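K.L.:
One file is attached below, start-v6.cif, containing mmCIF, C-alpha atoms.
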```
data_start
#
loop_
_atom_site.label_atom_id
_atom_site.label_comp_id
_atom_site.auth_asym_id
_atom_site.auth_seq_id
_atom_site.Cartn_x
_atom_site.Cartn_y
_atom_site.Cartn_z
CA MET A 9 -74.85 -6.35 -81.22
CA GLU A 10 -75.46 -9.38 -79.13
CA ALA A 11 -71.94 -10.59 -79.75
CA GLU A 12 -70.54 -7.29 -78.62
CA MET A 13 -72.52 -7.49 -75.38
CA LYS A 14 -71.17 -10.98 -74.65
CA ARG A 15 -67.61 -9.81 -75.23
CA TRP A 16 -68.06 -6.91 -72.83
CA SER A 17 -69.56 -9.18 -70.20
CA GLY A 18 -66.51 -11.49 -70.44
CA LEU A 19 -64.10 -8.62 -69.94
CA ARG A 20 -65.96 -7.53 -66.83
CA SER A 21 -65.74 -11.01 -65.39
CA MET A 22 -62.00 -11.17 -66.00
CA SER A 23 -61.53 -7.73 -64.50
CA SER A 24 -63.50 -8.67 -61.42
CA GLY A 25 -61.49 -11.88 -60.93
CA GLY A 26 -58.18 -10.07 -61.43
CA THR A 27 -59.04 -7.53 -58.79
CA GLY A 28 -59.71 -10.30 -56.31
CA VAL A 29 -56.36 -11.87 -57.04
CA VAL A 30 -54.57 -8.58 -56.58
CA LEU A 31 -56.31 -7.95 -53.28
CA GLY A 32 -55.40 -11.42 -52.09
CA LEU A 33 -51.72 -10.87 -52.90
CA LEU A 34 -51.72 -7.57 -51.07
CA LEU A 35 -53.21 -9.17 -47.97
CA LEU A 36 -50.64 -11.99 -48.09
CA VAL A 37 -47.72 -9.57 -48.34
CA SER A 38 -49.09 -7.50 -45.46
CA ALA A 39 -49.41 -10.59 -43.25
CA CYS A 40 -45.79 -11.58 -43.98
CA GLY A 41 -44.41 -8.23 -42.84
CA GLY A 42 -43.89 -6.55 -46.18
CA SER A 43 -41.09 -6.86 -48.68
CA SER A 44 -37.59 -8.01 -47.80
CA GLU A 45 -36.27 -4.53 -48.49
CA GLU A 46 -38.59 -2.53 -46.25
CA GLY A 47 -39.69 -5.01 -43.59
CA ASP A 48 -36.41 -6.61 -42.45
CA LEU A 49 -35.82 -6.36 -38.68
CA VAL A 50 -32.81 -4.19 -37.76
CA ALA A 51 -30.86 -5.11 -34.58
CA PRO A 52 -30.37 -2.17 -32.18
CA GLU A 53 -26.88 -0.74 -32.13
CA ALA A 54 -24.68 -1.46 -29.07
CA PRO A 55 -24.36 1.53 -26.72
CA VAL A 56 -21.16 3.49 -27.06
CA VAL A 57 -18.95 3.31 -23.93
CA THR A 58 -17.73 6.78 -23.11
CA GLU A 59 -16.07 6.07 -19.74
CA ALA A 60 -12.40 5.07 -19.69
CA PRO A 61 -11.79 1.54 -18.42
CA VAL A 62 -10.43 1.21 -14.90
CA VAL A 63 -6.80 0.12 -14.98
CA THR A 64 -5.30 -1.39 -11.86
CA GLU A 65 -1.64 -0.46 -11.55
CA ALA A 66 0.81 -3.11 -10.60
CA PRO A 67 2.41 -2.59 -7.19
CA THR A 68 5.71 -0.78 -7.35
CA THR A 69 8.60 -2.90 -6.24
CA SER A 70 11.18 -1.01 -4.24
CA THR A 71 14.80 -1.75 -5.04
CA THR A 72 16.03 -0.07 -1.87
CA GLU A 73 17.65 -2.52 0.47
CA PRO A 74 16.29 -2.47 4.03
CA CYS A 75 18.53 -1.05 6.73
CA ARG A 76 20.49 -3.75 8.53
CA PRO A 77 22.47 -2.15 11.38
CA ALA A 78 25.98 -3.60 11.27
CA PRO A 79 29.57 -2.35 11.15
CA ASN A 80 30.02 0.13 8.29
CA ALA A 81 26.48 -0.55 7.04
CA SER A 82 24.51 2.05 5.11
CA CYS A 83 21.31 3.15 6.83
CA ALA A 84 21.29 6.69 5.49
CA GLY A 85 17.82 8.21 5.62
CA ALA A 86 16.32 5.13 7.27
CA ASP A 87 13.21 5.49 9.44
CA LEU A 88 14.13 3.84 12.75
CA ALA A 89 11.99 5.92 15.09
CA GLY A 90 11.59 4.22 18.45
CA VAL A 91 13.68 1.20 17.44
CA ASN A 92 15.69 -0.76 20.00
CA LEU A 93 19.36 -0.85 18.95
CA ALA A 94 20.72 -1.33 22.45
CA GLY A 95 24.00 -3.22 22.67
CA LEU A 96 24.54 -3.51 18.91
CA ILE A 97 28.07 -3.37 17.56
CA MET A 98 28.02 -1.11 14.51
CA PRO A 99 31.14 1.08 14.26
CA GLY A 100 31.31 3.27 11.18
CA ILE A 101 27.63 2.85 10.39
CA ASP A 102 26.03 5.49 8.18
CA PHE A 103 22.95 6.94 9.87
CA SER A 104 23.16 10.27 8.07
CA GLY A 105 19.72 11.84 7.73
CA ALA A 106 18.14 8.87 9.50
CA ASN A 107 15.15 9.17 11.80
CA LEU A 108 16.17 7.79 15.19
CA GLU A 109 13.66 9.76 17.22
CA GLY A 110 13.10 8.07 20.57
CA ALA A 111 15.46 5.23 19.65
CA LEU A 112 17.11 3.14 22.37
CA LEU A 113 20.88 3.12 21.81
CA ASN A 114 22.08 2.12 25.25
CA GLY A 115 25.43 0.35 25.20
CA ALA A 116 25.66 0.50 21.41
CA MET A 117 29.16 0.57 19.89
CA MET A 118 29.01 3.33 17.24
CA ALA A 119 32.54 4.73 17.12
CA GLY A 120 33.12 6.68 13.94
CA ALA A 121 29.45 6.54 12.98
CA ASP A 122 27.95 9.11 10.62
CA LEU A 123 24.91 10.66 12.29
CA SER A 124 25.08 13.97 10.47
CA GLY A 125 21.66 15.50 9.92
CA SER A 126 19.96 12.67 11.78
CA ASN A 127 17.02 12.97 14.15
CA LEU A 128 17.96 11.82 17.67
CA ALA A 129 15.26 13.78 19.47
CA GLY A 130 14.31 12.01 22.68
CA ALA A 131 16.76 9.16 22.05
CA THR A 132 18.47 7.41 24.95
CA LEU A 133 22.24 6.98 24.67
CA SER A 134 23.43 5.50 27.94
CA ASN A 135 26.98 4.09 27.91
CA THR A 136 26.96 4.48 24.12
CA ASN A 137 30.32 4.70 22.34
CA LEU A 138 30.22 7.59 19.87
CA ALA A 139 33.93 8.36 19.85
CA GLY A 140 34.87 10.17 16.65
CA ALA A 141 31.25 10.11 15.45
CA ASP A 142 29.81 12.86 13.27
CA LEU A 143 26.67 14.39 14.77
CA SER A 144 26.92 17.69 12.93
CA ARG A 145 23.55 19.33 12.24
CA ALA A 146 21.82 16.46 14.03
CA THR A 147 18.71 17.10 16.10
CA ALA A 148 19.20 15.70 19.59
CA ALA A 149 16.68 17.82 21.46
CA GLY A 150 15.67 16.13 24.68
CA ALA A 151 18.11 13.25 24.13
CA VAL A 152 19.77 11.65 27.15
CA PHE A 153 23.56 11.17 27.07
CA TYR A 154 24.49 9.25 30.22
CA ARG A 155 28.13 8.21 30.48
CA THR A 156 28.26 8.49 26.72
CA ASN A 157 31.67 8.51 25.06
CA LEU A 158 31.72 11.46 22.65
CA THR A 159 35.50 11.85 22.54
CA SER A 160 36.57 13.76 19.41
CA ALA A 161 32.99 13.75 18.11
CA ASN A 162 31.71 16.44 15.74
CA LEU A 163 28.74 18.33 17.21
CA VAL A 164 28.96 21.41 15.00
CA LEU A 165 25.50 23.04 14.73
CA THR A 166 23.95 20.12 16.61
CA ASP A 167 20.63 20.84 18.32
CA LEU A 168 21.06 19.91 22.00
CA THR A 169 18.06 21.88 23.23
CA ALA A 170 16.93 20.45 26.59
CA ALA A 171 19.30 17.49 26.14
CA VAL A 172 20.72 15.83 29.25
CA LEU A 173 24.50 15.36 29.53
CA MET A 174 25.34 13.35 32.61
CA GLU A 175 28.92 12.16 33.23
CA THR A 176 29.41 12.38 29.46
CA ASP A 177 32.93 12.34 27.99
CA MET A 178 33.19 15.47 25.85
CA LYS A 179 36.97 15.47 25.40
CA SER A 180 38.10 17.21 22.20
CA VAL A 181 34.51 17.61 20.99
CA ASN A 182 33.74 20.41 18.53
CA MET A 183 30.44 22.08 19.52
CA THR A 184 30.77 25.23 17.41
CA GLY A 185 27.35 26.76 16.75
CA ALA A 186 25.44 24.06 18.63
CA SER A 187 22.12 24.94 20.27
CA VAL A 188 22.29 24.38 24.02
CA GLN A 189 19.21 26.20 25.32
CA GLY A 190 17.91 24.32 28.35
CA MET A 191 20.68 21.72 28.14
CA VAL A 192 21.28 19.94 31.46
CA ASP A 193 24.94 19.41 32.40
CA ARG A 194 25.73 17.03 35.23
CA ARG A 195 29.38 16.11 35.88
CA THR A 196 30.27 16.27 32.21
CA PHE A 197 33.94 15.77 31.33
CA TRP A 198 34.94 18.90 29.40
CA CYS A 199 38.49 18.66 28.12
CA SER A 200 39.88 20.69 25.21
CA THR A 201 36.29 21.02 24.07
CA ILE A 202 35.50 23.68 21.48
CA TYR A 203 32.34 25.14 22.91
CA VAL A 204 29.39 26.80 21.18
CA ASP A 205 31.08 30.18 20.87
CA GLY A 206 34.37 28.70 19.64
CA THR A 207 36.21 28.98 22.94
CA LEU A 208 37.90 26.08 24.74
CA LYS A 209 35.86 24.76 27.65
CA ASN A 210 37.85 23.56 30.68
CA ASP A 211 41.17 23.00 28.97
CA GLY A 212 42.44 21.74 32.36
CA CYS A 213 40.38 18.57 31.85
CA GLN A 214 38.74 18.74 35.25
CA ILE A 215 35.46 17.12 36.08
CA SER A 216 33.12 19.85 37.24
CA ALA A 217 30.95 19.36 40.30
CA ASP A 218 27.23 20.07 40.34
#
```
Show the structure stored in the file as structure tokens.

P.N.:
Amino acid sequence: MEAEMKRWSGLRSMSSGGTGVVLGLLLLVSACGGSSEEGDLVAPEAPVVTEAPVVTEAPTTSTTEPCRPAPNASCAGADLAGVNLAGLIMPGIDFSGANLEGALLNGAMMAGADLSGSNLAGATLSNTNLAGADLSRATAAGAVFYRTNLTSANLVLTDLTAAVLMETDMKSVNMTGASVQGMVDRRTFWCSTIYVDGTLKNDGCQISAD
């Protein structure tokens, strides 16, 4: 009986010591942050960018050559509003559809030039040579033609509203369908000119007085 009691007492001692060991291990694991499977630190995920990146477009390089007024040059559709072309020699130049509003063309040599569909509103054409030039469908409202040579020029459907024609040579000009409301005529040379209504104006080639 005594032996049995000693054996039981030894088992209790071992059990008590084992419990202390287990508790110590649990405390150590807790202090270290747990197991490697459950306690590892996880880095936060990078935020997802939902906006499209800003792309800077490269500047567009124009392949259109700049207008260089010269004989037989091409300046079709050019914007030359208010430009000073006085005294330039440029026969046969192509100004079709060009913007020449308010341009200064005094003394310019433009025989045979193509000014069809151009904008000559408010332009000044003093002593300008436009012999044989094509001004059909051009807008020349308020333009000043002083001693301008328009011999054999084409002014079909040209807008000459409030334009000033002073001592202008209109010999053999075709003005069929042109707009002449408010046009000022001072000593213009009408000679075999096809006027707005299709009739010949002053076929006798006389300079009319004021």

K.L.:
To one decimal place in Å, what is the distance between atom CA of Gly212 of chain A and atom CA of Met118 of chain A?

P.N.:
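Going from atom CA of Gly212 of chain A over to atom CA of Met118 of chain A, I get 27.3 Å.
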
K.L.:
Please return, as number ranges by chain, all polymer residues that have at least one atom within 10 Å of the point (29.0, 15.1, 15.8); use only C-alpha atoms and the file's own coordinate frame.

P.N.:
A: 120-125, 138-146, 158-166, 181-183

K.L.:
Could you please determine the separation between atom CA of Cys199 of chain A and atom CA of Val152 of chain A in Å, to one decimal place?

P.N.:
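Straight-line distance from atom CA of Cys199 of chain A to atom CA of Val152 of chain A works out to 20.0 Å.
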
K.L.:
Once the PyMOL selection byres ((chain A and resi 184-192) around 7) has been applied to the shown file, what residues remain in the selection, as a list in words?

P.N.:
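Output from the PyMOL selection byres ((chain A and resi 184-192) around 7), applied to this file: Leu163, Val164, Leu165, Thr166, Asp167, Leu168, Thr169, Ala170, Ala171, Val172, Leu173, Asn182, Met183, Asp193, Arg194, Ile202, Tyr203, Val204, Asp205 and Gly206 of chain A.
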
K.L.:
Filtering to C-alpha atoms, could you give me those residues as a PDB file, in the frame of the given file?

P.N.:
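Generated file (out.pdb):
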```
ATOM      1  CA  LEU A 163      28.740  18.330  17.210  1.00  0.00           C
ATOM      2  CA  VAL A 164      28.960  21.410  15.000  1.00  0.00           C
ATOM      3  CA  LEU A 165      25.500  23.040  14.730  1.00  0.00           C
ATOM      4  CA  THR A 166      23.950  20.120  16.610  1.00  0.00           C
ATOM      5  CA  ASP A 167      20.630  20.840  18.320  1.00  0.00           C
ATOM      6  CA  LEU A 168      21.060  19.910  22.000  1.00  0.00           C
ATOM      7  CA  THR A 169      18.060  21.880  23.230  1.00  0.00           C
ATOM      8  CA  ALA A 170      16.930  20.450  26.590  1.00  0.00           C
ATOM      9  CA  ALA A 171      19.300  17.490  26.140  1.00  0.00           C
ATOM     10  CA  VAL A 172      20.720  15.830  29.250  1.00  0.00           C
ATOM     11  CA  LEU A 173      24.500  15.360  29.530  1.00  0.00           C
ATOM     12  CA  ASN A 182      33.740  20.410  18.530  1.00  0.00           C
ATOM     13  CA  MET A 183      30.440  22.080  19.520  1.00  0.00           C
ATOM     14  CA  ASP A 193      24.940  19.410  32.400  1.00  0.00           C
ATOM     15  CA  ARG A 194      25.730  17.030  35.230  1.00  0.00           C
ATOM     16  CA  ILE A 202      35.500  23.680  21.480  1.00  0.00           C
ATOM     17  CA  TYR A 203      32.340  25.140  22.910  1.00  0.00           C
ATOM     18  CA  VAL A 204      29.390  26.800  21.180  1.00  0.00           C
ATOM     19  CA  ASP A 205      31.080  30.180  20.870  1.00  0.00           C
ATOM     20  CA  GLY A 206      34.370  28.700  19.640  1.00  0.00           C
TER      21      GLY A 206
END
```

K.L.:
Would you translate the PyMOL selection byres ((chain A and resi 127) around 12) into the concrete set of residues it matches in this file, as a ChimeraX atom specification?

P.N.:
/A:84-90,103-111,123-126,128-131,143-151,166-168

K.L.:
Closest to Asp211 of chain A among A:Thr196, A:Asn137, A:Thr156, A:Ser180, using only C-alpha atoms?

P.N.:
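Checking each of A:Thr196, A:Asn137, A:Thr156, A:Ser180 against Asp211 of chain A, counting only C-alpha atoms, the winner is A:Ser180.
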
K.L.:
Please compute the atom CA of Leu113 of chain A-atom CA of Ser82 of chain A distance, one decimal, in Å.

P.N.:
17.1 Å

K.L.:
Excluding same-chain residues fewer than 4 positions from Gly115 of chain A, what lies within 8 Å of it counting all atoms listed in the file, as a PyMOL selection string?

P.N.:
chain A and resi 94-96+133-137

K.L.:
Can you pull out the residues contacting Leu112 of chain A? Cut-off 6 Å, using only C-alpha atoms, and skip same-chain residues under 3 positions away; I want them as a list in words.

P.N.:
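Neighbouring residues, sequence-local ones excluded: Asn92, Leu93, Ala94 and Thr132 of chain A.
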
K.L.:
Neighbours of Asn80 of chain A within 8 Å (all atoms listed in the file; same-chain residues fewer than 5 positions away dropped), as number ranges by chain?

P.N.:
A: 98-102, 121
